[in-house]
>>> print(open('input-v7.txt').read())   # compact mmCIF, C-alpha atoms and all ligand atoms
# COMPACT_ATOMS: atom_id res chain seq x y z
CA MET Y 701 77.96 112.71 98.48
CA ILE Y 702 78.16 114.79 95.34
CA ILE Y 703 76.05 114.31 92.21
CA ILE Y 704 77.35 115.89 89.01
CA LEU Y 705 74.48 116.52 86.61
CA LYS Y 706 74.62 116.34 82.84
CA PRO Y 707 74.58 119.75 81.04
CA GLU Y 708 71.14 119.62 79.45
CA ILE Y 709 68.72 117.75 81.61
CA ASP Y 710 65.02 117.25 81.71
CA GLN Y 711 63.55 119.47 84.49
CA GLN Y 712 60.92 116.88 85.40
CA GLU Y 713 63.59 114.23 85.83
CA LEU Y 714 65.57 116.59 88.07
CA GLU Y 715 62.46 117.29 90.18
CA ASN Y 716 61.84 113.55 90.56
CA LEU Y 717 65.43 113.00 91.64
CA MET Y 718 65.24 115.80 94.20
CA THR Y 719 61.98 114.52 95.66
CA TRP Y 720 63.41 111.00 95.90
CA LEU Y 721 66.55 112.24 97.70
CA ARG Y 722 64.56 114.48 100.08
CA ASN Y 723 62.31 111.53 100.92
CA MET Y 724 65.44 109.71 102.02
CA GLY Y 725 65.98 112.46 104.57
CA LEU Y 726 68.77 114.18 102.65
CA GLU Y 727 69.29 117.91 102.29
CA ILE Y 728 70.26 119.13 98.82
CA HIS Y 729 72.63 122.00 98.06
CA MET Y 730 72.65 123.01 94.39
CA SER Y 731 75.66 124.69 92.91
CA GLU Y 732 75.38 125.92 89.35
CA GLY Y 733 78.62 126.61 87.49
CA ALA Y 734 79.12 127.82 83.93
CA ASN Y 735 79.22 124.30 82.51
CA THR Y 736 78.26 121.93 85.30
CA THR Y 737 75.60 121.72 87.96
CA ILE Y 738 76.52 119.93 91.14
CA MET Y 739 74.22 118.63 93.88
CA GLY Y 740 75.72 118.27 97.32
CA LEU Y 741 73.85 115.80 99.56
CA VAL Y 742 73.97 116.36 103.28
CA GLY Y 743 72.82 113.70 105.75
CA ASP Y 744 73.28 109.96 106.11
CA THR Y 745 74.16 108.80 102.60
CA SER Y 746 75.30 105.32 103.68
CA THR Y 747 72.07 103.75 102.41
CA VAL Y 748 72.10 105.56 99.05
CA ASP Y 749 72.66 103.21 96.11
CA ILE Y 750 75.43 104.96 94.21
CA ASN Y 751 75.11 102.69 91.16
CA LEU Y 752 71.41 103.41 90.87
CA LEU Y 753 72.15 107.15 90.89
CA ARG Y 754 74.87 106.72 88.26
CA ALA Y 755 72.41 104.90 86.00
CA LEU Y 756 70.00 107.87 85.85
CA ASP Y 757 69.90 109.76 82.55
CA CYS Y 758 70.40 113.15 84.18
CA VAL Y 759 73.46 112.10 86.19
CA ALA Y 760 76.99 112.43 84.79
CA ASP Y 761 78.84 111.12 87.88
CA VAL Y 762 78.50 110.53 91.62
CA LYS Y 763 81.26 110.84 94.19
CA ARG Y 764 81.23 109.71 97.77
CA ILE Y 765 82.81 112.12 100.23
CA GLN Y 766 82.04 109.93 103.23
CA GLU Y 767 83.01 106.26 103.25
CA PRO Y 768 80.02 103.87 103.28
CA PHE Y 769 81.19 102.28 106.56
CA LYS Y 770 80.47 104.02 109.84
CA LYS Y 771 81.18 101.83 112.87
CA ALA Y 772 84.51 100.72 111.42
CA ASN Y 773 85.40 104.27 110.39
CA ARG Y 774 88.19 106.08 112.16
CA LYS Y 775 86.41 109.40 111.57
CA PHE Y 776 83.77 108.45 114.12
CA HIS Y 777 86.17 106.62 116.44
CA PRO Y 778 89.58 108.30 116.26
CA GLN Y 779 91.30 106.12 118.89
CA ASP Y 780 92.60 102.67 117.97
CA SER Y 781 90.34 99.88 119.16
CA VAL Y 782 92.00 97.55 121.64
CA ILE Y 783 90.74 93.99 121.88
CA THR Y 784 91.52 91.95 124.97
CA LEU Y 785 91.61 88.16 125.16
CA SER Y 786 91.44 86.63 128.63
CA SER Y 787 92.10 83.01 129.39
CA SER Y 788 93.39 80.73 132.08
CA ASP Y 789 95.21 77.44 132.37
CA ASP Y 790 94.36 74.38 134.46
CA LYS Y 791 96.69 75.55 137.23
CA GLY Y 792 94.46 78.55 137.83
CA ASN Y 793 96.79 81.10 136.21
CA SER Y 794 95.03 83.88 134.31
CA PHE Y 795 96.36 85.46 131.14
CA GLU Y 796 95.46 88.56 129.24
CA ALA Y 797 96.54 89.43 125.70
CA LYS Y 798 95.71 92.65 123.90
CA ILE Y 799 95.81 93.72 120.29
CA GLY Y 800 95.54 97.24 118.88
CA GLY Y 801 96.56 100.67 120.18
CA GLY Y 802 100.23 99.68 120.27
CA HIS Y 803 99.63 96.20 121.66
CA PHE Y 804 101.03 93.52 119.38
CA MET Y 805 99.70 89.96 119.22
CA THR Y 806 101.31 86.96 117.60
CA ILE Y 807 98.89 84.14 116.90
CA ALA Y 808 100.64 80.90 115.97
CA GLY Y 809 99.79 77.27 115.45
CA PRO Y 810 99.13 74.67 112.81
CA CYS Y 811 96.89 75.07 109.81
CA SER Y 812 94.77 72.21 111.19
CA VAL Y 813 94.46 70.39 114.46
CA GLU Y 814 95.56 66.82 113.61
CA SER Y 815 95.94 64.90 116.89
CA PRO Y 816 96.23 65.51 120.65
CA GLU Y 817 100.02 65.05 120.46
CA GLN Y 818 100.43 67.42 117.52
CA ILE Y 819 98.40 70.32 118.94
CA SER Y 820 99.74 70.02 122.48
CA ALA Y 821 103.37 69.94 121.29
CA ILE Y 822 102.92 72.93 118.99
CA ALA Y 823 100.94 74.90 121.60
CA ALA Y 824 103.66 74.38 124.22
CA ALA Y 825 106.37 75.35 121.73
CA VAL Y 826 104.76 78.55 120.46
CA LYS Y 827 103.85 79.56 123.99
CA SER Y 828 107.44 79.25 125.13
CA SER Y 829 108.53 81.39 122.16
CA GLY Y 830 106.14 84.15 123.24
CA ALA Y 831 103.00 83.65 121.10
CA GLN Y 832 99.93 85.22 122.74
CA ALA Y 833 97.29 83.04 121.07
CA LEU Y 834 97.01 79.61 119.48
CA ARG Y 835 95.52 79.06 116.03
CA GLY Y 836 94.34 75.72 114.63
CA GLY Y 837 91.68 74.81 112.12
CA ALA Y 838 89.02 72.32 113.13
CA PHE Y 839 86.54 72.96 110.32
CA LYS Y 840 88.68 73.32 107.22
CA PRO Y 841 87.65 74.96 103.95
CA ARG Y 842 89.51 72.79 101.43
CA THR Y 843 89.49 73.21 97.67
CA SER Y 844 89.19 69.46 97.19
CA PRO Y 845 86.37 67.50 98.81
CA TYR Y 846 88.81 64.54 99.04
CA ALA Y 847 91.36 66.47 101.12
CA PHE Y 848 91.47 66.34 104.94
CA GLN Y 849 88.46 68.32 106.15
CA GLY Y 850 89.64 68.88 109.73
CA MET Y 851 88.85 67.11 113.00
CA GLN Y 852 85.71 69.25 113.38
CA ALA Y 853 84.15 69.21 116.89
CA GLU Y 854 86.94 67.00 118.23
CA GLY Y 855 89.48 69.50 116.90
CA ILE Y 856 87.86 72.25 118.97
CA GLU Y 857 88.01 70.05 122.08
CA LEU Y 858 91.71 69.47 121.47
CA LEU Y 859 92.26 73.22 121.16
CA GLN Y 860 90.47 73.67 124.50
CA GLU Y 861 92.78 71.06 126.03
CA ALA Y 862 95.78 72.91 124.64
CA ARG Y 863 94.44 76.15 126.16
CA LYS Y 864 94.13 74.43 129.54
CA ALA Y 865 97.74 73.29 129.36
CA THR Y 866 99.24 76.57 128.12
CA GLY Y 867 96.75 79.33 128.96
CA LEU Y 868 96.82 80.45 125.31
CA PRO Y 869 93.48 81.77 124.00
CA ILE Y 870 92.33 79.85 120.92
CA VAL Y 871 91.49 81.09 117.42
CA THR Y 872 89.63 78.80 115.03
CA GLU Y 873 87.54 79.10 111.89
CA ILE Y 874 83.78 78.78 111.54
CA MET Y 875 82.56 77.78 108.08
CA ASP Y 876 78.83 77.62 108.59
CA LEU Y 877 76.23 78.82 111.07
CA ASN Y 878 75.24 75.26 111.92
CA GLN Y 879 78.66 74.93 113.65
CA LEU Y 880 78.07 77.90 115.97
CA ASP Y 881 77.32 75.82 119.09
CA TYR Y 882 80.81 74.32 118.95
CA PHE Y 883 82.27 77.82 119.21
CA ASP Y 884 80.75 78.68 122.63
CA ASP Y 885 84.08 78.18 124.34
CA VAL Y 886 86.38 79.51 121.63
CA ASP Y 887 88.15 82.82 122.32
CA VAL Y 888 88.30 84.23 118.78
CA ILE Y 889 86.13 83.05 115.88
CA GLN Y 890 87.86 83.24 112.53
CA VAL Y 891 85.90 84.03 109.37
CA GLY Y 892 88.07 82.82 106.52
CA ALA Y 893 88.76 84.43 103.17
CA ARG Y 894 86.14 82.28 101.46
CA ASN Y 895 83.43 83.50 103.82
CA MET Y 896 84.35 87.18 104.02
CA GLN Y 897 81.18 88.06 102.15
CA ASN Y 898 78.92 85.41 103.64
CA PHE Y 899 76.56 88.09 104.88
CA VAL Y 900 74.19 85.68 106.64
CA LEU Y 901 77.11 84.34 108.69
CA LEU Y 902 78.43 87.85 109.37
CA ARG Y 903 75.03 89.06 110.57
CA GLU Y 904 74.74 86.15 113.04
CA LEU Y 905 78.28 86.69 114.31
CA GLY Y 906 77.38 90.35 114.75
CA LYS Y 907 74.89 89.27 117.41
CA ILE Y 908 77.44 87.55 119.62
CA ARG Y 909 79.91 89.27 121.91
CA LYS Y 910 83.19 87.61 121.11
CA PRO Y 911 86.16 88.75 119.00
CA ILE Y 912 86.01 87.88 115.31
CA LEU Y 913 89.11 87.56 113.14
CA LEU Y 914 87.89 88.58 109.69
CA LYS Y 915 90.15 87.57 106.82
CA ARG Y 916 90.24 89.49 103.55
CA GLY Y 917 88.71 87.59 100.64
CA PHE Y 918 91.20 86.80 97.89
CA ALA Y 919 89.41 89.06 95.42
CA ALA Y 920 88.12 91.62 97.90
CA THR Y 921 88.98 95.30 97.95
CA ILE Y 922 89.93 97.01 101.20
CA GLU Y 923 86.58 98.79 101.20
CA GLU Y 924 84.76 95.46 100.83
CA LEU Y 925 86.72 94.09 103.80
CA LEU Y 926 85.68 97.11 105.85
CA MET Y 927 82.05 96.74 104.73
CA SER Y 928 82.14 93.12 105.95
CA ALA Y 929 83.50 94.34 109.28
CA GLU Y 930 80.59 96.79 109.25
CA TYR Y 931 78.14 93.87 109.04
CA LEU Y 932 79.59 92.46 112.28
CA MET Y 933 79.69 95.85 113.98
CA ALA Y 934 76.22 96.93 112.82
CA GLY Y 935 74.91 93.98 114.84
CA GLY Y 936 76.69 95.28 117.92
CA ASN Y 937 79.82 93.13 117.86
CA GLU Y 938 82.57 95.73 117.87
CA GLN Y 939 85.41 93.30 118.57
CA VAL Y 940 86.69 92.83 115.05
CA ILE Y 941 90.28 92.05 114.07
CA LEU Y 942 91.00 92.43 110.36
CA CYS Y 943 93.42 90.12 108.60
CA GLU Y 944 95.37 90.77 105.41
CA ARG Y 945 96.23 87.35 103.96
CA GLY Y 946 97.11 88.19 100.40
CA VAL Y 947 94.98 88.59 97.32
CA ARG Y 948 95.02 86.59 94.11
CA THR Y 949 97.06 88.14 91.30
CA PHE Y 950 98.82 86.98 88.12
CA GLU Y 951 101.97 86.02 90.09
CA PRO Y 952 102.42 82.23 90.18
CA LEU Y 953 105.49 82.06 92.44
CA THR Y 954 103.52 82.78 95.59
CA ARG Y 955 100.14 81.39 96.63
CA ASN Y 956 98.75 84.93 96.83
CA THR Y 957 100.27 88.40 96.71
CA LEU Y 958 100.64 89.97 100.14
CA ASP Y 959 99.17 93.45 99.98
CA LEU Y 960 101.30 95.18 102.59
CA SER Y 961 99.93 98.57 101.60
CA ALA Y 962 96.59 97.42 103.01
CA ILE Y 963 98.06 97.86 106.52
CA PRO Y 964 98.62 101.65 106.51
CA ILE Y 965 95.50 102.16 104.39
CA ILE Y 966 93.24 100.22 106.76
CA LYS Y 967 94.81 101.91 109.75
CA GLU Y 968 94.13 105.29 108.21
CA LEU Y 969 90.50 104.45 107.37
CA SER Y 970 89.65 102.37 110.42
CA HIS Y 971 90.36 102.07 114.13
CA LEU Y 972 90.26 98.25 114.04
CA PRO Y 973 93.44 96.23 114.60
CA VAL Y 974 95.08 94.59 111.60
CA VAL Y 975 96.96 91.31 111.59
CA VAL Y 976 98.92 89.88 108.69
CA ASP Y 977 99.00 86.21 107.70
CA PRO Y 978 102.28 85.72 105.81
CA SER Y 979 101.70 81.95 105.60
CA HIS Y 980 98.61 81.96 103.36
CA ALA Y 981 99.84 85.12 101.65
CA THR Y 982 103.03 83.53 100.33
CA GLY Y 983 102.32 79.79 100.59
CA VAL Y 984 106.07 79.20 101.05
CA ALA Y 985 107.62 78.62 104.49
CA ARG Y 986 110.91 80.41 103.71
CA TYR Y 987 109.06 83.63 102.79
CA VAL Y 988 107.21 83.77 106.10
CA ARG Y 989 110.07 85.41 108.00
CA PRO Y 990 110.77 88.31 105.59
CA MET Y 991 107.07 89.03 105.11
CA SER Y 992 106.41 88.90 108.87
CA LEU Y 993 109.11 91.47 109.48
CA ALA Y 994 107.88 93.63 106.60
CA ALA Y 995 104.35 93.51 108.04
CA VAL Y 996 105.62 94.64 111.45
CA ALA Y 997 107.61 97.43 109.81
CA ALA Y 998 104.48 98.51 107.91
CA GLY Y 999 102.55 98.89 111.18
CA ALA Y 1000 100.62 95.62 111.59
CA ASP Y 1001 99.13 95.05 115.05
CA GLY Y 1002 99.79 91.34 114.92
CA LEU Y 1003 100.70 88.28 112.91
CA LEU Y 1004 98.93 84.98 112.22
CA ILE Y 1005 101.58 82.37 111.50
CA GLU Y 1006 101.29 78.68 110.65
CA VAL Y 1007 103.68 76.58 112.73
CA HIS Y 1008 103.97 72.78 112.48
CA ASN Y 1009 106.24 70.37 114.32
CA SER Y 1010 106.49 68.19 111.21
CA PRO Y 1011 105.71 70.31 108.12
CA LYS Y 1012 106.61 67.44 105.77
CA THR Y 1013 103.87 65.21 107.16
CA ALA Y 1014 101.29 67.93 107.89
CA LEU Y 1015 97.76 67.11 106.74
CA CYS Y 1016 97.27 70.64 105.48
CA ASP Y 1017 99.55 73.50 104.35
CA GLY Y 1018 102.88 71.89 105.35
CA GLN Y 1019 104.62 73.78 102.51
CA GLN Y 1020 103.96 77.12 104.19
CA SER Y 1021 104.36 76.06 107.83
CA ILE Y 1022 107.49 77.00 109.72
CA THR Y 1023 108.90 74.78 112.46
CA PRO Y 1024 108.77 75.68 116.17
CA GLU Y 1025 112.53 76.37 116.03
CA GLU Y 1026 112.07 78.77 113.10
CA PHE Y 1027 109.17 80.38 114.91
CA ASP Y 1028 111.32 80.87 118.00
CA ARG Y 1029 113.97 82.74 116.00
CA LEU Y 1030 111.30 84.74 114.16
CA ALA Y 1031 109.61 85.77 117.44
CA LYS Y 1032 112.92 87.30 118.56
CA ASP Y 1033 113.32 89.11 115.25
CA ILE Y 1034 109.75 90.44 115.52
CA ASP Y 1035 110.59 91.91 118.94
CA ALA Y 1036 113.74 93.47 117.49
CA MET Y 1037 111.79 94.94 114.58
CA ARG Y 1038 109.20 96.42 116.94
CA ILE Y 1039 111.94 98.08 118.95
CA ALA Y 1040 113.61 99.31 115.75
CA ILE Y 1041 110.42 101.06 114.60
CA GLY Y 1042 109.71 102.42 118.08
CA GLN Y 1043 106.63 100.29 118.80
CA CYS Y 1044 107.27 99.66 122.44
CA ASN Y 1045 104.00 98.56 124.12
CA SER Y 1046 103.47 94.95 125.12
C1 LIG Y 1101 93.25 79.55 107.56
O1 LIG Y 1101 93.67 80.53 108.18
O2 LIG Y 1101 93.29 78.40 108.01
C2 LIG Y 1101 92.67 79.72 106.21
C3 LIG Y 1101 91.96 78.77 105.64
O3 LIG Y 1101 92.97 80.90 105.66
P1 LIG Y 1101 92.26 81.74 104.50
O4 LIG Y 1101 90.81 81.84 104.85
O5 LIG Y 1101 92.99 83.06 104.57
O6 LIG Y 1101 92.53 81.01 103.22
MN MN Y 1102 96.32 76.90 106.20
>>> encode(input="input-v7.txt", output="structure tokens")
Amino acid sequence: MIIILKPEIDQQELENLMTWLRNMGLEIHMSEGANTTIMGLVGDTSTVDINLLRALDCVADVKRIQEPFKKANRKFHPQDSVITLSSSDDKGNSFEAKIGGGHFMTIAGPCSVESPEQISAIAAAVKSSGAQALRGGAFKPRTSPYAFQGMQAEGIELLQEARKATGLPIVTEIMDLNQLDYFDDVDVIQVGARNMQNFVLLRELGKIRKPILLKRGFAATIEELLMSAEYLMAGGNEQVILCERGVRTFEPLTRNTLDLSAIPIIKELSHLPVVVDPSHATGVARYVRPMSLAAVAAGADGLLIEVHNSPKTALCDGQQSITPEEFDRLAKDIDAMRIAIGQCNS
């Protein structure tokens, strides 16, 4: 971290600042130029409050050299993280799916679990098209309190049934800590956009040893997403999958604006795998295919796609759900795109 001091400063104030920084365990290197004096701080600056420093009278500016996230930082973990999901079906067959380090994972399924028939039909369909995991919301964060709120605990049981039938690991969203017990037998816990900065939830999920799919908040910067991942990892849970699902902009023709540049940026800054959710990003079923392919081309490690066997009658997000037939065609195009860009692992 570098502190640029104002030209004429009070010596006592400077002394106080230096004592404060040294007490934080930091070493100070002063560099006096003709017009500017610069303080270089050496040591762990991740706990330094940059805004507090900026507010001091003697400080002109502060610049971070090191990112404020450590565990999620590629600098300290150069190799891609690979996360493995293991599951089995009721015939005793075991399955393993990996994401990261060249392994691509397509997670598909409805926005919400609606009935045993609905989830079992969709699970069987996406499995036969090559999906490696099944998504389905049981606890649903809805804007309106009058909208369908999900099947809750029963929804999770239906996902477990679908896993038994297909062997697909299941991904479902937690909204509150008081639901945690229901997630004992869930393969990946999703933290949705609305909860990306629910730090109490993140801290608790950091204590468990199960993959977390962390979605970017719709007004969150990439650094804020990585800091939220850091909350999970600081607690010891290193199995974090990041999800770009679009951010809110001034554009009304899509539900959100898919920030594809987040993919190469996150992959440069972090070793964690990145999936893209083109369904919530666009909010329009016919845009899911082009954005999925663009995400693959941009280097995503996976996709999270809403698939419904009857989008017109879906209880949630039918407008952005593709049919199993469309998903089947898309899955083939995704494979072709991966080959085209030379991404050849499983
Ligand atoms: C979801 O994936 O079901 C969901 C609610 O998404 P988001 O948190 O990205 O809005
Ligand atoms: Mn949805």
>>> atom_distance(input="input-v7.txt", atom1="atom CA of Leu753 of chain Y", atom2="atom CA of Glu732 of chain Y")
19.1 Å
>>> atom_distance(input="input-v7.txt", atom1="atom CA of Ser1021 of chain Y", atom2="atom CA of Thr784 of chain Y")
26.7 Å
>>> residues_around(input="input-v7.txt", residues="Pro707 of chain Y", least_positions_apart="4", cutoff="9 Å", atoms="all atoms listed in the file", output="list in words")
Asn735, Thr736, Thr737, Cys758 and Ala760 of chain Y
>>> closest_residue(input="input-v7.txt", among="Y:Glu930, Y:Glu796, Y:Asp789, Y:Glu923", to="Arg863 of chain Y", atoms="all atoms listed in the file")
Y:Asp789
>>> residues_near_ligand(input="input-v7.txt", ligand="ligand MN 1102 (chain Y)", cutoff="9 Å", atoms="all atoms listed in the file", output="VMD selection string")
chain Y and resid 810 to 812 836 to 837 840 979 to 980 983 1006 1016 to 1018 1020 to 1021
>>> closest_residue(input="input-v7.txt", among="Y:Ile1022, Y:Met875, Y:Met739, Y:Ile912", to="Arg764 of chain Y", atoms="only C-alpha atoms")
Y:Met739
>>> residues_near_point(input="input-v7.txt", point="(80.1, 108.0, 93.8)", cutoff="10 Å", atoms="all atoms listed in the file", output="compact mmCIF listing (two decimals) with C-alpha atoms, keeping the file's coordinate frame")
# COMPACT_ATOMS: atom_id res chain seq x y z
CA MET Y 701 77.96 112.71 98.48
CA ILE Y 702 78.16 114.79 95.34
CA ILE Y 703 76.05 114.31 92.21
CA ILE Y 704 77.35 115.89 89.01
CA VAL Y 748 72.10 105.56 99.05
CA ASP Y 749 72.66 103.21 96.11
CA ILE Y 750 75.43 104.96 94.21
CA ASN Y 751 75.11 102.69 91.16
CA LEU Y 753 72.15 107.15 90.89
CA ARG Y 754 74.87 106.72 88.26
CA ASP Y 761 78.84 111.12 87.88
CA VAL Y 762 78.50 110.53 91.62
CA LYS Y 763 81.26 110.84 94.19
CA ARG Y 764 81.23 109.71 97.77
CA ILE Y 765 82.81 112.12 100.23
CA GLN Y 766 82.04 109.93 103.23
>>> residues_near_ligand(input="input-v7.txt", ligand="ligand LIG 1101 (chain Y)", cutoff="9 Å", atoms="all atoms listed in the file", output="PyMOL selection string")
chain Y and resi 810-812+835-837+839-842+872-873+890-896+914-918+943-946+977+979-981+1004-1006+1017
>>> write_last_selection(input="input-v7.txt", atoms="C-alpha atoms", output="mmCIF file, keeping the file's coordinate frame")
data_model
loop_
_atom_site.group_PDB
_atom_site.id
_atom_site.type_symbol
_atom_site.label_atom_id
_atom_site.label_comp_id
_atom_site.auth_asym_id
_atom_site.auth_seq_id
_atom_site.Cartn_x
_atom_site.Cartn_y
_atom_site.Cartn_z
ATOM 1 C CA PRO Y 810 99.130 74.670 112.810
ATOM 2 C CA CYS Y 811 96.890 75.070 109.810
ATOM 3 C CA SER Y 812 94.770 72.210 111.190
ATOM 4 C CA ARG Y 835 95.520 79.060 116.030
ATOM 5 C CA GLY Y 836 94.340 75.720 114.630
ATOM 6 C CA GLY Y 837 91.680 74.810 112.120
ATOM 7 C CA PHE Y 839 86.540 72.960 110.320
ATOM 8 C CA LYS Y 840 88.680 73.320 107.220
ATOM 9 C CA PRO Y 841 87.650 74.960 103.950
ATOM 10 C CA ARG Y 842 89.510 72.790 101.430
ATOM 11 C CA THR Y 872 89.630 78.800 115.030
ATOM 12 C CA GLU Y 873 87.540 79.100 111.890
ATOM 13 C CA GLN Y 890 87.860 83.240 112.530
ATOM 14 C CA VAL Y 891 85.900 84.030 109.370
ATOM 15 C CA GLY Y 892 88.070 82.820 106.520
ATOM 16 C CA ALA Y 893 88.760 84.430 103.170
ATOM 17 C CA ARG Y 894 86.140 82.280 101.460
ATOM 18 C CA ASN Y 895 83.430 83.500 103.820
ATOM 19 C CA MET Y 896 84.350 87.180 104.020
ATOM 20 C CA LEU Y 914 87.890 88.580 109.690
ATOM 21 C CA LYS Y 915 90.150 87.570 106.820
ATOM 22 C CA ARG Y 916 90.240 89.490 103.550
ATOM 23 C CA GLY Y 917 88.710 87.590 100.640
ATOM 24 C CA PHE Y 918 91.200 86.800 97.890
ATOM 25 C CA CYS Y 943 93.420 90.120 108.600
ATOM 26 C CA GLU Y 944 95.370 90.770 105.410
ATOM 27 C CA ARG Y 945 96.230 87.350 103.960
ATOM 28 C CA GLY Y 946 97.110 88.190 100.400
ATOM 29 C CA ASP Y 977 99.000 86.210 107.700
ATOM 30 C CA SER Y 979 101.700 81.950 105.600
ATOM 31 C CA HIS Y 980 98.610 81.960 103.360
ATOM 32 C CA ALA Y 981 99.840 85.120 101.650
ATOM 33 C CA LEU Y 1004 98.930 84.980 112.220
ATOM 34 C CA ILE Y 1005 101.580 82.370 111.500
ATOM 35 C CA GLU Y 1006 101.290 78.680 110.650
ATOM 36 C CA ASP Y 1017 99.550 73.500 104.350
#
>>> closest_residue(input="input-v7.txt", among="Y:Ala1040, Y:Leu877, Y:Leu925, Y:Ile728", to="Glu904 of chain Y", atoms="all atoms listed in the file")
Y:Leu877
>>> closest_residue(input="input-v7.txt", among="Y:Ser829, Y:Gln849, Y:Asn723, Y:Asn898", to="Asp1035 of chain Y", atoms="all atoms listed in the file")
Y:Ser829
>>> residues_around(input="input-v7.txt", residues="Gly743 of chain Y", least_positions_apart="3", cutoff="8 Å", atoms="all atoms listed in the file", output="PyMOL selection string")
chain Y and resi 725-727
>>> residues_around(input="input-v7.txt", residues="Lys1032 of chain Y", least_positions_apart="6", cutoff="12 Å", atoms="all atoms listed in the file", output="MDAnalysis selection string")
chainID Y and resid 806 828:831 989 992:993 1025:1026 1038:1039
>>> atom_distance(input="input-v7.txt", atom1="atom CA of Ala862 of chain Y", atom2="atom CA of Pro978 of chain Y")
23.7 Å
>>> closest_residue(input="input-v7.txt", among="Y:Glu924, Y:Ala853, Y:Thr982, Y:Ala934", to="Thr949 of chain Y", atoms="only C-alpha atoms")
Y:Thr982
>>> closest_residue(input="input-v7.txt", among="Y:Leu953, Y:Met927, Y:Leu932, Y:Met1037", to="Asn773 of chain Y", atoms="only C-alpha atoms")
Y:Met927
>>> axis_aligned_box(input="input-v7.txt", around="segment 823-835 of chain Y", padding_each_side="5 Å", output="JSON")
{"center_x": 102.0, "center_y": 79.8, "center_z": 120.6, "size_x": 23.0, "size_y": 20.8, "size_z": 19.1}
>>> residues_around(input="input-v7.txt", residues="Asp710 of chain Y", least_positions_apart="4", cutoff="10 Å", atoms="only C-alpha atoms", output="list of chain:residue names")
Y:Lys706, Y:Leu714, Y:Glu715, Y:Asp757, Y:Cys758
>>> build_atoms(input="input-v7.txt", residues="segment 872-885 of chain Y", atoms="N, CA and C atoms", output="PDB file, in the frame of the given file")
ATOM      1  N   THR Y 872      89.941  79.853 115.988  1.00  0.00           N
ATOM      2  CA  THR Y 872      89.630  78.800 115.030  1.00  0.00           C
ATOM      3  C   THR Y 872      88.472  79.214 114.131  1.00  0.00           C
ATOM      4  N   GLU Y 873      88.443  78.626 112.949  1.00  0.00           N
ATOM      5  CA  GLU Y 873      87.540  79.100 111.890  1.00  0.00           C
ATOM      6  C   GLU Y 873      86.162  78.446 111.928  1.00  0.00           C
ATOM      7  N   ILE Y 874      85.150  79.289 111.725  1.00  0.00           N
ATOM      8  CA  ILE Y 874      83.780  78.780 111.540  1.00  0.00           C
ATOM      9  C   ILE Y 874      83.493  78.829 110.030  1.00  0.00           C
ATOM     10  N   MET Y 875      82.876  77.780 109.519  1.00  0.00           N
ATOM     11  CA  MET Y 875      82.560  77.780 108.080  1.00  0.00           C
ATOM     12  C   MET Y 875      81.075  77.963 107.823  1.00  0.00           C
ATOM     13  N   ASP Y 876      80.278  77.584 108.821  1.00  0.00           N
ATOM     14  CA  ASP Y 876      78.830  77.620 108.590  1.00  0.00           C
ATOM     15  C   ASP Y 876      78.142  77.868 109.922  1.00  0.00           C
ATOM     16  N   LEU Y 877      76.975  78.507 109.849  1.00  0.00           N
ATOM     17  CA  LEU Y 877      76.230  78.820 111.070  1.00  0.00           C
ATOM     18  C   LEU Y 877      75.848  77.583 111.865  1.00  0.00           C
ATOM     19  N   ASN Y 878      75.655  76.454 111.178  1.00  0.00           N
ATOM     20  CA  ASN Y 878      75.240  75.260 111.920  1.00  0.00           C
ATOM     21  C   ASN Y 878      76.350  74.727 112.827  1.00  0.00           C
ATOM     22  N   GLN Y 879      77.552  75.339 112.760  1.00  0.00           N
ATOM     23  CA  GLN Y 879      78.660  74.930 113.650  1.00  0.00           C
ATOM     24  C   GLN Y 879      78.750  75.818 114.892  1.00  0.00           C
ATOM     25  N   LEU Y 880      77.905  76.851 114.953  1.00  0.00           N
ATOM     26  CA  LEU Y 880      78.070  77.900 115.970  1.00  0.00           C
ATOM     27  C   LEU Y 880      78.130  77.366 117.412  1.00  0.00           C
ATOM     28  N   ASP Y 881      77.337  76.341 117.714  1.00  0.00           N
ATOM     29  CA  ASP Y 881      77.320  75.820 119.090  1.00  0.00           C
ATOM     30  C   ASP Y 881      78.702  75.331 119.537  1.00  0.00           C
ATOM     31  N   TYR Y 882      79.470  74.812 118.593  1.00  0.00           N
ATOM     32  CA  TYR Y 882      80.810  74.320 118.950  1.00  0.00           C
ATOM     33  C   TYR Y 882      81.760  75.449 119.343  1.00  0.00           C
ATOM     34  N   PHE Y 883      81.368  76.691 119.000  1.00  0.00           N
ATOM     35  CA  PHE Y 883      82.270  77.820 119.210  1.00  0.00           C
ATOM     36  C   PHE Y 883      81.994  78.580 120.517  1.00  0.00           C
ATOM     37  N   ASP Y 884      81.087  78.018 121.361  1.00  0.00           N
ATOM     38  CA  ASP Y 884      80.750  78.680 122.630  1.00  0.00           C
ATOM     39  C   ASP Y 884      81.982  78.976 123.465  1.00  0.00           C
ATOM     40  N   ASP Y 885      82.902  78.022 123.495  1.00  0.00           N
ATOM     41  CA  ASP Y 885      84.080  78.180 124.340  1.00  0.00           C
ATOM     42  C   ASP Y 885      85.358  78.342 123.510  1.00  0.00           C
TER      43      ASP Y 885
END
